[in-house]
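Read through the structure below, which is laid out as structure tokens, and then see the notes.
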Amino acid sequence: MLNHESLKKRIDLYAMTTFGGDFKDLLDSEKYVVLSKAMMETILPHWNQSRKNTETMKKAYYLSSEYLMGRFLTNNLIAMDTKDEVKEILKNMGVDYNQVEESEEDPALGNGGLGRLAACFLDSAATLGYPMDGYGIRYDFGLFKQKIVDGEQVEVADNWTKYGDPWGIRKISEKVRVTFKGGEIYAIPYDYPVIGYDNKLINTLRLWKAESLDEFDFRAFNDQNYDLAVKAKNDAENIAKVLYPNDSYEEGKKLRLKQQYFFVSASLQDMIRRFKSKNLDFEDFPKYHSIQLNDTHPAVAIPELMRLLTRKEDVEWDKAWRITTATFAYTNHTLLAEALEQWPERYYQELIPQVYKVILRIHQMLIDELKGKGIQDHDLNRYEIIHNGNIRMAWMSIFGSKSINGVARLHTDLLINQELNDWYRLYPEKFNNKTNGITQRRWLLQSNPELSELITELLGSEDWITDLKMLKNLESYADVPEIMERFLQIKWTKKKQLSDYILQEEGEEIDPDSLFDIQIKRLHEYKRQLLNAFHILFLYYELKENPDLKRVPRTFIFGAKAAPGYVRAKAIIRFINNIAELVNGDPAMEGKLKVVFVQNYRVSYGEKLFPAADLSEQISTAGKEASGTGNMKFMLNGAPTIGTYDGANIEIVEEAGDANNYIFGLKVEEIEKIRDSYNPEEIYQKDPKLRRVVDTLIDGTFEDKDGSYRELHNSLLYGANWHRADNYFVLKDFHEYRKAHEKADADYVDRLGWARKCWLNMSNSGKFSSDRTIEQYAQEIWDIEKI
Ligand SMILES: *Cc1c(COP(=O)(O)O)cnc(C)c1O
């Protein structure tokens, strides 16, 4: 319960002292800051108490270079069960809460699924009562904001703290020094509360900002050398300046390596400092710490902990290695070979030679161990951490960790049987699966209050909010028409809300009575937005030729950012926008077909899109999407999947039933079989309708501004010097994809039959709560207990 009078007082006070005015006269963004600060005052005593309560416990530490937290305000208010009250208080002050809520910038400190997973995990750990803190980087600029101008992606800097950062507390007294060759810099912690839902536990997300030891060189300034005067400051601050906008490609940049070492070293020093205050022997370090590496970006933690223990804390090498390998666990997130992180040895030598030396010794230890196990000399190179002048971060992570996990069953199976098979044979006991999950607090309770209310009413309890498996008890309502009617009404409401928002943001009118077919995720060839685009063109020509064709009116919605240097991905964005222009501009498509590419897809846009979907597009080439989590958000909100046997789609269909989803396309084994003989040109020649849509890339249907459409066309039919023709089997899967859509179309006409499918997806989504995932990590890897 809030003290209304005192909250009001605080709001007035902060409005005055922070922005110099009356609350109701401030900008919405300023109101957001004021309200958040006022709420922080309520949070802080609980937060400090939580810290004390967990001080003596074993904790998990999540190391991640990315966190895609989404907006804080509403999430935190819901966790403290104060949202309705706050709304009411604001109303009495003449202020609309929804406007304030909408003015919060997403802290976009991540690219996509990997960063969002970290955020869902923090939420689940706190809610379940597990002490787990996150460590990462407080980038000045998060992922770029995307605008679409003339059909093309334009990147705009994301200055997310422009109006302030009310949820972050700068703890300058806990700063640490991080050493690079040529100098030291400060890492300054900013702490963000991670509030467990309705349980009083508040964990911490600690993000590090880089600052210089010397703010300003007065001598240089007096000599009128102004650039030099601030050079040290700028050099240091550049380290945490910007998030690399790359999703699953590796970026071979020295600054990126500096970022990794910067936050990892600061985090480990932080842990060691606190551990030392316990006055225990370092042998006990793993009894208090389990550190999860979110992919290999923080893998330099392994040699860094070795360095800190052996060089700073006088622990002897073998003991330090025992401690290290009992502390770390590694999550692999990808099967794309090009995304396995490697660093040129000389970067390490140049930037962090003190760590490089440690890596040499770890490398030698591995070689000795392998020889001891009877591995032949000519096989050693397969395992070498340092190989051909590169440091293989995944290999280091495997060697230095107690656990290695994939993120969906298929993904882990492929790691074990293919990608990491050499390592699996060496350490089978280290390998395990942890299928990803999402938090229902954000992705249902917060984003879809209408459906949440129905669920609570039917279950007669709110327990599903912390126990998603309870949704299973709702299955039988699938056969109760009155309930399905209400469910359909809710879906329509969410579609209407999205339509209004899209009109406001994109200037496009869409019809909530049409089928909303949605693909939202980073733009990547393996995710195959191009397949979706080709299918839309196919439909367009079908409808043009045969105006009486019976098809359900459809709205295709895309949202996707492309890495700025990824030329093909950007060409695909332009292609989709060209298609939208063609289709939406054709009066014959009125009431039949509509295509919208929404700008700047991010968590807060997702919260509006997932609940409004009728169909979830999860169409990656089999074996390429490690898990996917967008697929789970759609399922939770009651949308069937049209998708391939890939990642977690397999487990989704296993839970919700084949009949309630639309699975198509090559399976992993089939791809293996045909890979060497696959000839996309044959398919292209045999199927004139497919040929027609593929040829829109080159036949003048659309303007090929820079030759990138021609390049895409070539990549499909002839390949490129770095890959075979149609590397992702777009043409091969096209026919089955089209058939699956036809089936969905026919099914959609039966409203109650469709509602049933949607309902059965929702009621069977319990497995995909990140609460389940975190329970498994906690019990099977971290060995931590609830408070
Ligand atoms: C869930 C989510 C993702 C991951 O989507 P996938 O479809 O699994 O790739 C990416 N970005 C945002 C903003 C998300 O919320």
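Chain labels run A, B, ... following the order of the structure tokens; each chain numbers its residues from 1, and ligands are numbered from 1 in the order shown.
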
Requested in this report: Mind listing the helix (DSSP H, G or I) residues of range 252-389 of chain A, per DSSP on the backbone, as an NGL selection string?
Outcome: :A and (254-276 or 282-288 or 301-312 or 317-327 or 337-339 or 345-351 or 353-372 or 377-380)

Report task. List all protein, DNA and RNA residues that have an atom no more than 10 Å from any atom of ligand 1, counting only C-alpha atoms and all ligand atoms, and report them as a ChimeraX atom specification. Result -> /A:68-70,106,108,110-117,119-120,247,436-438,443,519-524,527,559-561,600-607,609-610,616-620,625-634,647-648

Query raised in the report: What lies within 12 Å of range 749-756 of chain A using only C-alpha atoms, ignoring chain neighbours under 2 positions off, as a PyMOL selection string?
Result: chain A and resi 474-492+513-515+550-553+614-615+637-640+656-657+659-661+742-747+758-763

Query raised in the report: What residues in range 418-636 of chain A get the DSSP label strand (DSSP E)? Please answer as JSON, numbers by chain.
Result: {"A": [431, 432, 433, 515, 516, 517, 518, 519, 520, 554, 555, 556, 557, 558, 559, 593, 594, 595, 596, 597, 598, 615, 616, 617, 618]}

Query raised in the report: What's the 12 Å shell around Met470 in chain A, counting only C-alpha atoms, without same-chain residues fewer than 2 positions away, as a list in words?
Result: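 Skipping anything fewer than 2 positions along the chain leaves Ile455, Thr456, Leu458, Leu459, Gly460, Ser461, Glu462, Asp463, Trp464, Ile465, Thr466, Asp467, Leu468, Lys472, Asn473, Leu474, Glu475, Met762, Ser763, Asn764, Ser765, Gly766, Lys767 and Ser769 of chain A.
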
Query raised in the report: Can you tell me, as number ranges by chain, what residues are no more than 10 Å from Asp81 in chain A when counting only C-alpha atoms, ignoring any on the same chain fewer than 4 positions away?
Result: A: 1-2, 75-77, 85-86, 197-198

Store the residues picked out above in a file with all heavy atoms, as an mmCIF file, in the first residue's frame.
data_model
loop_
_atom_site.group_PDB
_atom_site.id
_atom_site.type_symbol
_atom_site.label_atom_id
_atom_site.label_comp_id
_atom_site.auth_asym_id
_atom_site.auth_seq_id
_atom_site.Cartn_x
_atom_site.Cartn_y
_atom_site.Cartn_z
ATOM 1 N N MET A 1 0.833 -1.210 0.000
ATOM 2 C CA MET A 1 0.000 0.000 0.000
ATOM 3 C C MET A 1 0.865 1.256 0.000
ATOM 4 O O MET A 1 1.799 1.389 0.770
ATOM 5 C CB MET A 1 -0.913 0.007 1.241
ATOM 6 C CG MET A 1 -2.211 -0.769 1.052
ATOM 7 S SD MET A 1 -3.235 -0.058 -0.250
ATOM 8 C CE MET A 1 -4.140 1.183 0.675
ATOM 9 N N LEU A 2 0.490 2.146 -0.851
ATOM 10 C CA LEU A 2 1.225 3.394 -0.936
ATOM 11 C C LEU A 2 0.626 4.432 -0.008
ATOM 12 O O LEU A 2 -0.585 4.438 0.221
ATOM 13 C CB LEU A 2 1.124 3.952 -2.352
ATOM 14 C CG LEU A 2 1.969 3.296 -3.434
ATOM 15 C CD1 LEU A 2 1.561 3.851 -4.770
ATOM 16 C CD2 LEU A 2 3.436 3.540 -3.174
ATOM 17 N N ASN A 75 6.377 -2.076 -15.547
ATOM 18 C CA ASN A 75 6.844 -3.362 -15.037
ATOM 19 C C ASN A 75 7.081 -3.304 -13.530
ATOM 20 O O ASN A 75 6.656 -4.188 -12.787
ATOM 21 C CB ASN A 75 8.131 -3.742 -15.777
ATOM 22 C CG ASN A 75 8.567 -5.155 -15.474
ATOM 23 O OD1 ASN A 75 9.439 -5.382 -14.653
ATOM 24 N ND2 ASN A 75 7.935 -6.123 -16.108
ATOM 25 N N ASN A 76 7.729 -2.268 -13.081
ATOM 26 C CA ASN A 76 8.042 -2.151 -11.661
ATOM 27 C C ASN A 76 6.789 -1.884 -10.823
ATOM 28 O O ASN A 76 6.653 -2.400 -9.714
ATOM 29 C CB ASN A 76 9.091 -1.060 -11.440
ATOM 30 C CG ASN A 76 10.467 -1.496 -11.939
ATOM 31 O OD1 ASN A 76 10.681 -2.665 -12.248
ATOM 32 N ND2 ASN A 76 11.400 -0.559 -12.021
ATOM 33 N N LEU A 77 5.892 -1.089 -11.366
ATOM 34 C CA LEU A 77 4.657 -0.812 -10.622
ATOM 35 C C LEU A 77 3.825 -2.086 -10.483
ATOM 36 O O LEU A 77 3.257 -2.357 -9.417
ATOM 37 C CB LEU A 77 3.839 0.276 -11.320
ATOM 38 C CG LEU A 77 4.445 1.677 -11.372
ATOM 39 C CD1 LEU A 77 3.441 2.672 -11.935
ATOM 40 C CD2 LEU A 77 4.923 2.132 -9.996
ATOM 41 N N GLU A 85 -3.131 2.062 -8.192
ATOM 42 C CA GLU A 85 -3.097 3.169 -7.237
ATOM 43 C C GLU A 85 -2.404 4.387 -7.828
ATOM 44 O O GLU A 85 -2.882 5.523 -7.695
ATOM 45 C CB GLU A 85 -2.320 2.753 -5.981
ATOM 46 C CG GLU A 85 -3.151 2.077 -4.926
ATOM 47 C CD GLU A 85 -2.272 1.709 -3.754
ATOM 48 O OE1 GLU A 85 -1.652 0.629 -3.804
ATOM 49 O OE2 GLU A 85 -2.181 2.519 -2.807
ATOM 50 N N VAL A 86 -1.250 4.141 -8.453
ATOM 51 C CA VAL A 86 -0.486 5.253 -9.030
ATOM 52 C C VAL A 86 -1.296 5.946 -10.116
ATOM 53 O O VAL A 86 -1.336 7.175 -10.200
ATOM 54 C CB VAL A 86 0.874 4.762 -9.576
ATOM 55 C CG1 VAL A 86 1.538 5.815 -10.438
ATOM 56 C CG2 VAL A 86 1.782 4.369 -8.421
ATOM 57 N N TYR A 197 8.076 -10.280 -8.555
ATOM 58 C CA TYR A 197 6.645 -10.017 -8.576
ATOM 59 C C TYR A 197 6.039 -10.363 -7.223
ATOM 60 O O TYR A 197 6.062 -11.522 -6.808
ATOM 61 C CB TYR A 197 5.966 -10.819 -9.688
ATOM 62 C CG TYR A 197 4.467 -10.628 -9.719
ATOM 63 C CD1 TYR A 197 3.912 -9.522 -10.361
ATOM 64 C CD2 TYR A 197 3.611 -11.528 -9.092
ATOM 65 C CE1 TYR A 197 2.546 -9.320 -10.381
ATOM 66 C CE2 TYR A 197 2.235 -11.342 -9.102
ATOM 67 C CZ TYR A 197 1.709 -10.228 -9.753
ATOM 68 O OH TYR A 197 0.361 -10.033 -9.749
ATOM 69 N N ASP A 198 5.559 -9.347 -6.521
ATOM 70 C CA ASP A 198 4.757 -9.548 -5.328
ATOM 71 C C ASP A 198 5.453 -10.412 -4.277
ATOM 72 O O ASP A 198 4.816 -11.218 -3.612
ATOM 73 C CB ASP A 198 3.442 -10.238 -5.771
ATOM 74 C CG ASP A 198 2.363 -10.088 -4.711
ATOM 75 O OD1 ASP A 198 2.472 -9.161 -3.888
ATOM 76 O OD2 ASP A 198 1.435 -10.906 -4.707
#

Query raised in the report: Nearest to Val264 in chain A: which of A:Leu63, A:Val230, A:Ala126, A:Ala157 is it, counting only C-alpha atoms?
Result: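 Residue with the minimum atom-to-atom distance to Val264 in chain A: A:Leu63.
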
Query - Atomic distance CA of Glu313 in chain A - CA of Glu55 in chain A, expressed in Å with one decimal - result: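 Separation of CA of Glu313 in chain A and CA of Glu55 in chain A: 21.6 Å.
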
Report summary line: The residue from A:Gln376, A:Thr325, A:Gln260, A:Gln146 with the smallest atom-to-atom distance to Phe399 in chain A, counting only C-alpha atoms, is A:Thr325

Requested in this report: Find the distance between CA of Leu308 in chain A and CA of Ile188 in chain A and write it in Å to one decimal.
Outcome: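 So the answer is 19.1 Å.
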
Query raised in the report: Which residues, written as a ChimeraX atom specification, have at least one atom at most 10 Å from Lys544 in chain A, with only C-alpha atoms counted and residues fewer than 4 positions away on the same chain left out?
Result: /A:538-540,548-549,586,588-589

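Using only C-alpha atoms for every distance, the candidate list A:Leu7, A:Leu143, A:Met40, A:Leu122 yields A:Leu7 as the residue closest to Glu88 in chain A.
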
Report task. Find the residues near range 563-579 of chain A: any atom within 6 Å, counting only C-alpha atoms, skip ones fewer than 3 places away on the same chain, and give them as a VMD selection string. Result -> chain A and resid 151 to 152 245 to 246 523 to 524 582
